[in-house]
Amino acid sequence: MAARNVNAAEFTSTIEKNDIVIADFWADWCAPCRQFGPIFEDVSEQHPDISFIKIDTQAERGLSAEANIVSIPTLMIFREQVMVFSQPGAVSADILNNLITAVRSIDMADIHRKLSKEKAADVTEAEI
């Protein structure tokens with residue numbers, strides 16, 4: 001599936017409805033963003049089971065601020081609604097494909113257990 005542009009409202013629902021989401025925060029004035037765009041698009045065509053989305057930081061300033069975007073392009077990867085990777089800077093197709101392989105191999109049951117324990121600890125601390 002080709003990469004698609006999303007707005008703030010679509011961003012959350014896309015993450016909620018898809019197992020793996022790869023997000024590219026970019027702007028049209030950004031030279032590294034323009035160089036990374038075709039790589040992102042090509043890799044998206046190779047992985048039709050993954051949702052590849054693009055967020056225009058100029059048009060979606062609120063979402064960009066909420067996501068703490070300070071440098072573009074920034075690549076974020078979500079799996080089962082958990083952000084498992086975030087890094088500013090363009091990457092090569094090989095690196096992006098390696099990231100996808102790594103994300104597919106994550107033991108998400110273990111991640112969800114750890115997050116549940118952290119959340120329970122936060123609740124306990126708040127009660128004290």
# chains A, B, ... in the order shown; residues from 1 in each chain; ligands from 1
>>> residues_around(residues="A:Ala90", least_positions_apart="6", cutoff="10 Å", atoms="only C-alpha atoms", output="list in words")
Asp24, Pro32, Cys33, Arg34, Gln35, Phe36, Gly37, Ile39, Phe40, Ile72, Pro73, Thr74, Leu75 and Leu96 of chain A
>>> write_last_selection(atoms="C-alpha atoms", output="PDB file, in the first residue's frame")
ATOM      1  CA  ASP A  24       7.102  10.173   8.381  1.00  0.00           C
ATOM      2  CA  PRO A  32      16.293  15.879   3.542  1.00  0.00           C
ATOM      3  CA  CYS A  33      12.513  15.280   3.665  1.00  0.00           C
ATOM      4  CA  ARG A  34      12.307  15.559  -0.120  1.00  0.00           C
ATOM      5  CA  GLN A  35      15.221  13.121  -0.469  1.00  0.00           C
ATOM      6  CA  PHE A  36      13.653  10.634   1.971  1.00  0.00           C
ATOM      7  CA  GLY A  37      10.154  10.852   0.449  1.00  0.00           C
ATOM      8  CA  ILE A  39      12.580   6.014  -0.271  1.00  0.00           C
ATOM      9  CA  PHE A  40       9.601   6.005   2.100  1.00  0.00           C
ATOM     10  CA  ILE A  72      12.506  16.688  10.347  1.00  0.00           C
ATOM     11  CA  PRO A  73      12.222  14.286   8.823  1.00  0.00           C
ATOM     12  CA  THR A  74      11.326  12.238  11.879  1.00  0.00           C
ATOM     13  CA  LEU A  75      10.425   8.592  11.533  1.00  0.00           C
ATOM     14  CA  LEU A  96      14.158   1.168   6.829  1.00  0.00           C
TER      15      LEU A  96
END
>>> select_by_dssp(residues="stretch 73-110 of chain A", states="alpha helix (DSSP H)", output="PyMOL selection string")
chain A and resi 93-104+108-110
>>> atom_distance(atom1="atom CA of A:Ile69", atom2="atom CA of A:Phe25")
7.8 Å
>>> closest_residue(among="A:Ser44, A:Gln58, A:Asn68, A:Ser51", to="A:Asn97", atoms="only C-alpha atoms")
A:Ser44
>>> closest_residue(among="A:Gly89, A:Thr12, A:Asp107, A:Ala3", to="A:Ala31", atoms="only C-alpha atoms")
A:Gly89
>>> select_by_dssp(residues="chain A", states="strand (DSSP E)", output="VMD selection string")
chain A and resid 4 to 5 20 to 26 51 to 56 74 to 79 82 to 88
>>> write_last_selection(atoms="N, CA and C atoms", output="tab-separated table (two decimals), in the first residue's frame")
chain	number	residue	atom	x	y	z
A	4	ARG	N	0.34	7.37	2.58
A	4	ARG	CA	-0.72	8.36	2.42
A	4	ARG	C	-0.56	9.47	3.44
A	5	ASN	N	-0.98	10.65	3.06
A	5	ASN	CA	-0.96	11.80	3.97
A	5	ASN	C	-2.13	11.70	4.93
A	20	ILE	N	0.95	-2.41	12.46
A	20	ILE	CA	2.20	-1.65	12.34
A	20	ILE	C	1.91	-0.39	11.53
A	21	VAL	N	2.36	0.74	12.07
A	21	VAL	CA	2.22	2.03	11.38
A	21	VAL	C	3.59	2.70	11.38
A	22	ILE	N	4.01	3.13	10.21
A	22	ILE	CA	5.26	3.87	10.08
A	22	ILE	C	4.91	5.28	9.63
A	23	ALA	N	5.31	6.24	10.46
A	23	ALA	CA	4.95	7.64	10.22
A	23	ALA	C	6.19	8.45	9.87
A	24	ASP	N	6.05	9.25	8.83
A	24	ASP	CA	7.10	10.17	8.38
A	24	ASP	C	6.59	11.59	8.61
A	25	PHE	N	7.19	12.30	9.57
A	25	PHE	CA	6.88	13.71	9.80
A	25	PHE	C	7.82	14.51	8.92
A	26	TRP	N	7.27	15.35	8.05
A	26	TRP	CA	8.06	16.01	7.02
A	26	TRP	C	7.49	17.41	6.73
A	51	SER	N	0.88	0.06	7.43
A	51	SER	CA	0.33	1.37	7.09
A	51	SER	C	1.45	2.41	7.16
A	52	PHE	N	1.79	2.99	6.02
A	52	PHE	CA	2.79	4.04	5.92
A	52	PHE	C	2.06	5.37	5.80
A	53	ILE	N	2.32	6.28	6.73
A	53	ILE	CA	1.64	7.57	6.71
A	53	ILE	C	2.64	8.71	6.73
A	54	LYS	N	2.22	9.83	6.15
A	54	LYS	CA	3.03	11.03	6.11
A	54	LYS	C	2.26	12.15	6.80
A	55	ILE	N	2.96	12.89	7.66
A	55	ILE	CA	2.35	14.00	8.37
A	55	ILE	C	3.11	15.26	8.01
A	56	ASP	N	2.43	16.19	7.35
A	56	ASP	CA	3.01	17.47	6.97
A	56	ASP	C	3.08	18.35	8.23
A	74	THR	N	11.30	13.13	10.73
A	74	THR	CA	11.33	12.24	11.88
A	74	THR	C	10.51	11.01	11.52
A	75	LEU	N	11.08	9.87	11.81
A	75	LEU	CA	10.43	8.59	11.53
A	75	LEU	C	9.96	8.01	12.86
A	76	MET	N	8.68	7.62	12.93
A	76	MET	CA	8.13	6.94	14.10
A	76	MET	C	7.50	5.64	13.65
A	77	ILE	N	7.68	4.61	14.46
A	77	ILE	CA	7.07	3.32	14.15
A	77	ILE	C	6.25	2.88	15.36
A	78	PHE	N	5.01	2.50	15.08
A	78	PHE	CA	4.08	2.02	16.11
A	78	PHE	C	3.74	0.58	15.81
A	79	ARG	N	3.67	-0.22	16.88
A	79	ARG	CA	3.21	-1.59	16.75
A	79	ARG	C	2.21	-1.83	17.86
A	82	VAL	N	1.73	0.98	20.26
A	82	VAL	CA	2.87	1.36	21.09
A	82	VAL	C	3.96	1.90	20.18
A	83	MET	N	4.48	3.10	20.51
A	83	MET	CA	5.59	3.62	19.74
A	83	MET	C	6.84	2.82	20.11
A	84	VAL	N	7.41	2.14	19.12
A	84	VAL	CA	8.56	1.29	19.37
A	84	VAL	C	9.85	1.87	18.77
A	85	PHE	N	9.72	2.96	18.00
A	85	PHE	CA	10.89	3.58	17.39
A	85	PHE	C	10.55	5.02	17.06
A	86	SER	N	11.51	5.90	17.33
A	86	SER	CA	11.39	7.30	16.93
A	86	SER	C	12.78	7.87	16.75
A	87	GLN	N	13.01	8.45	15.57
A	87	GLN	CA	14.33	9.00	15.29
A	87	GLN	C	14.24	10.07	14.23
A	88	PRO	N	14.86	11.22	14.47
A	88	PRO	CA	14.93	12.22	13.40
A	88	PRO	C	16.01	11.84	12.39
>>> closest_residue(among="A:Glu118, A:Asp28, A:Asp42, A:Asp19", to="A:Arg104", atoms="only C-alpha atoms")
A:Asp19
>>> closest_residue(among="A:Val91, A:Ala8, A:Ala109, A:Val43", to="A:Thr57", atoms="only C-alpha atoms")
A:Ala8
>>> atom_distance(atom1="atom CA of A:Ser105", atom2="atom CA of A:Val6")
26.6 Å
>>> atom_distance(atom1="atom CA of A:Pro48", atom2="atom CA of A:Thr14")
14.6 Å
>>> closest_residue(among="A:Val70, A:Cys30, A:Ala121, A:Ile50", to="A:Asn18", atoms="only C-alpha atoms")
A:Ile50
